[in-house]
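K.L.:
Handing you this structure, nothing more for now.
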Amino acid sequence: PQGALQFALMLANSDGGSLVEYNTVTDIFMQRNCLQEATAFLLDVLKNNRPEEGMLQTRLLEMNLVHAPQVADAILNNKIFSHYDRAKISQLCEKAGLYQRALEHYTELADIKRCLVHTQMLQPEWLVAYFGTLRAEYALECLKELLTQKSNLRIVVEVATKYSDQLTPAALIALFESFNSQEGLYYYLGAIVNFSQDPLVHNKYIMAAARVQDIKEVERVTRESSFYDPVLIKDFLKELKLPDPRPLINVCDRHNMVDELTHYLYSNNMKQFIEFY
């Protein structure tokens, strides 16, 4: 087979132009199950990436996706061809389990969502970067799809944090809330709260931190932040009845609600905190 390959390349690269038809040579190799030689031949003769050779580029990728997916993966990774049938190759990539390559080719949301759920087969760094190529409405739909599996929470939080401005905190908060994911809200908002002046971000972060029992953060933000809604947070903390009322003390002390605070502490047998306050 190696001798046949060298002979075929010599004929194809003749000074006066190719003396063989590329498809015919490929047929001969494939009829004898010589995929490696057929691949080597086509890689050589198609190296100039001409538009008129799109069908041969497709054939080269197709036969490797069916019989040697890792070779096809390497060819696609090198980005040497650009005229093949992208729709056909994207489907073959998905069928071969090359979900990253499929996602690089798919443009329809349903196709993207179908491949994206195979997160265990995708590099996290690549996946986060991939979300930056999607328009906002597609990205949000894909994050929603990922959140159906709790194991994807970390990657969803990472994407939400990185693209928070483009996807908007309001939309991302609504997304996490639609899954009742207090943990997701806590980690996402915790990553942006110190750089945000959005009252929604501060309000929701205080609430999420309280619900995941990070009272130290609730105390810090109620003490340091100037952007939360004091009445909303005061009512929330009163209803939650935290065993440590220092966050509530922060809110009431900073926003002139001392009488209401005193009444609450007396009513809930927290007199020691009145003395402390």
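To be explicit about the labels: the chains of the structure tokens are called A, B, and onward in the order shown, and within each one the residues are counted from 1, while ligands get numbers from 1 in the order they are shown.
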Write out as an MDAnalysis selection string the residues lying within 12 Å of stretch 67-71 of chain A, counting only C-alpha atoms and excluding same-chain residues fewer than 4 positions away.

P.N.:
chainID A and resid 30 33:36 39:40 43 60:63 75:78 89 92:99 101

K.L.:
May I have the residues within 10 Å of A:Pro243 as a list of chain:residue names, using only C-alpha atoms and disregarding those fewer than 2 positions away in the same chain?

P.N.:
A:Ile215, A:Leu240, A:Lys241, A:Pro245, A:Arg246, A:Asn268, A:Met270

K.L.:
Keeping N, CA and C atoms for every residue in the selection just given, could you write it to a file as a PDB file, in the first residue's frame?

P.N.:
```
ATOM      1  N   ILE A 215     -24.048  33.020  56.915  1.00  0.00           N
ATOM      2  CA  ILE A 215     -24.472  34.193  57.689  1.00  0.00           C
ATOM      3  C   ILE A 215     -23.370  35.242  57.740  1.00  0.00           C
ATOM      4  N   LEU A 240     -37.218  35.315  58.047  1.00  0.00           N
ATOM      5  CA  LEU A 240     -36.312  34.167  58.082  1.00  0.00           C
ATOM      6  C   LEU A 240     -35.936  33.767  59.507  1.00  0.00           C
ATOM      7  N   LYS A 241     -35.960  34.765  60.417  1.00  0.00           N
ATOM      8  CA  LYS A 241     -35.653  34.496  61.834  1.00  0.00           C
ATOM      9  C   LYS A 241     -34.315  33.769  62.026  1.00  0.00           C
ATOM     10  N   PRO A 245     -28.987  37.709  64.764  1.00  0.00           N
ATOM     11  CA  PRO A 245     -29.702  38.842  64.170  1.00  0.00           C
ATOM     12  C   PRO A 245     -28.791  39.986  63.736  1.00  0.00           C
ATOM     13  N   ARG A 246     -27.490  39.793  63.749  1.00  0.00           N
ATOM     14  CA  ARG A 246     -26.599  40.902  63.397  1.00  0.00           C
ATOM     15  C   ARG A 246     -26.854  41.462  61.992  1.00  0.00           C
ATOM     16  N   ASN A 268     -38.647  38.188  70.178  1.00  0.00           N
ATOM     17  CA  ASN A 268     -38.041  36.897  69.880  1.00  0.00           C
ATOM     18  C   ASN A 268     -36.997  36.487  70.912  1.00  0.00           C
ATOM     19  N   MET A 270     -34.455  37.921  72.299  1.00  0.00           N
ATOM     20  CA  MET A 270     -33.051  38.174  71.951  1.00  0.00           C
ATOM     21  C   MET A 270     -32.534  39.401  72.698  1.00  0.00           C
TER      22      MET A 270
END
```

K.L.:
Please run DSSP on the backbone and report, as a ChimeraX atom specification, all residues within stretch 27-206 of chain A that come out as alpha helix (DSSP H).

P.N.:
/A:27-31,35-45,54-67,69-78,86-95,99-105,109-116,124-131,136-146,153-162,164-167,169-178,182-192,199-206

K.L.:
Which neighbours of A:Gln100 fall inside 10 Å, counting only C-alpha atoms, when residues of the same chain fewer than 2 positions from it are skipped, and could you give them as a list in words?

P.N.:
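Counting only C-alpha atoms, the residues come to Asp73, Ser90, Cys93, Glu94, Gly97, Leu98, Ala102, Leu103, Glu104, His105, Cys115, Leu116, His118, Thr119, Met121, Leu122, Gln123, Trp126, Leu127 and Tyr130 of chain A.
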
K.L.:
Find the spatial neighbours of stretch 4-15 of chain A, counting only C-alpha atoms, within a cut-off of 9 Å - ignore same-chain residues fewer than 6 positions away - and output them as an NGL selection string.

P.N.:
:A and (21-22 or 25 or 29 or 37-38 or 40-41 or 44-45)

K.L.:
Kindly assemble as CSV a list of the stretch 78-113 of chain A residues that lie within 12 Å of stretch 145-167 of chain A, each paired with its nearest atom pair and their distance in Å to one decimal, using only C-alpha atoms, sorted first by chain and then by ascending residue number.

P.N.:
```
residue,atom,partner,partner_atom,distance
A:Leu109,CA,A:Glu145,CA,11.0
A:Ala110,CA,A:Glu145,CA,10.6
A:Ile112,CA,A:Glu145,CA,10.3
A:Lys113,CA,A:Glu145,CA,6.8
```

K.L.:
So which one's closest to A:Lys47, A:Gln272, A:Ser196, A:Thr168, A:Ser82? Using only C-alpha atoms, please.

P.N.:
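Among the listed residues, the smallest separation from A:Lys47 belongs to A:Ser82.
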
K.L.:
Kindly indicate which residue among A:Arg211, A:Arg59, A:Arg114, A:Arg32 lies nearest to A:Leu242, using only C-alpha atoms for the distances.

P.N.:
A:Arg211

K.L.:
So what do you get for atom CA of A:Ser178 versus atom CA of A:Asn203, distance-wise?

P.N.:
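Atom CA of A:Asn203 lies 17.2 Å from atom CA of A:Ser178.
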
K.L.:
Tell me which protein, DNA and RNA residues are within 12 Å of A:His263, counting only C-alpha atoms, leaving out same-chain ones fewer than 4 positions away, and put them as a VMD selection string.

P.N.:
chain A and resid 238 249 252 257 to 259 267 to 271 273 to 274

K.L.:
Could the residues in this selection be saved with N, CA and C atoms as a PDB file, in the first residue's frame?

P.N.:
```pdb
ATOM      1  N   LYS A 238     -36.465  39.399  58.939  1.00  0.00           N
ATOM      2  CA  LYS A 238     -37.410  39.182  60.038  1.00  0.00           C
ATOM      3  C   LYS A 238     -38.190  37.883  59.831  1.00  0.00           C
ATOM      4  N   ILE A 249     -29.673  43.751  62.491  1.00  0.00           N
ATOM      5  CA  ILE A 249     -29.199  44.927  63.243  1.00  0.00           C
ATOM      6  C   ILE A 249     -28.492  45.898  62.291  1.00  0.00           C
ATOM      7  N   CYS A 252     -31.236  47.723  60.118  1.00  0.00           N
ATOM      8  CA  CYS A 252     -32.064  48.671  60.875  1.00  0.00           C
ATOM      9  C   CYS A 252     -31.249  49.835  61.412  1.00  0.00           C
ATOM     10  N   MET A 257     -34.317  52.320  61.504  1.00  0.00           N
ATOM     11  CA  MET A 257     -35.459  51.468  61.847  1.00  0.00           C
ATOM     12  C   MET A 257     -35.208  50.809  63.213  1.00  0.00           C
ATOM     13  N   VAL A 258     -34.661  51.604  64.149  1.00  0.00           N
ATOM     14  CA  VAL A 258     -34.224  51.075  65.446  1.00  0.00           C
ATOM     15  C   VAL A 258     -35.413  50.613  66.293  1.00  0.00           C
ATOM     16  N   ASP A 259     -36.505  51.371  66.280  1.00  0.00           N
ATOM     17  CA  ASP A 259     -37.673  50.985  67.089  1.00  0.00           C
ATOM     18  C   ASP A 259     -38.208  49.622  66.649  1.00  0.00           C
ATOM     19  N   SER A 267     -39.436  40.651  71.089  1.00  0.00           N
ATOM     20  CA  SER A 267     -40.488  39.672  70.799  1.00  0.00           C
ATOM     21  C   SER A 267     -39.930  38.272  70.569  1.00  0.00           C
ATOM     22  N   ASN A 268     -38.647  38.188  70.178  1.00  0.00           N
ATOM     23  CA  ASN A 268     -38.041  36.897  69.880  1.00  0.00           C
ATOM     24  C   ASN A 268     -36.997  36.487  70.912  1.00  0.00           C
ATOM     25  N   ASN A 269     -37.151  37.064  72.136  1.00  0.00           N
ATOM     26  CA  ASN A 269     -36.278  36.689  73.265  1.00  0.00           C
ATOM     27  C   ASN A 269     -34.796  36.812  72.918  1.00  0.00           C
ATOM     28  N   MET A 270     -34.455  37.921  72.299  1.00  0.00           N
ATOM     29  CA  MET A 270     -33.051  38.174  71.951  1.00  0.00           C
ATOM     30  C   MET A 270     -32.534  39.401  72.698  1.00  0.00           C
ATOM     31  N   LYS A 271     -32.849  39.464  73.973  1.00  0.00           N
ATOM     32  CA  LYS A 271     -32.497  40.659  74.741  1.00  0.00           C
ATOM     33  C   LYS A 271     -30.997  40.863  74.825  1.00  0.00           C
ATOM     34  N   PHE A 273     -28.920  40.603  72.543  1.00  0.00           N
ATOM     35  CA  PHE A 273     -28.451  41.348  71.384  1.00  0.00           C
ATOM     36  C   PHE A 273     -28.818  42.828  71.496  1.00  0.00           C
ATOM     37  N   ILE A 274     -29.874  43.140  72.230  1.00  0.00           N
ATOM     38  CA  ILE A 274     -30.187  44.552  72.478  1.00  0.00           C
ATOM     39  C   ILE A 274     -29.088  45.159  73.311  1.00  0.00           C
TER      40      ILE A 274
END
```
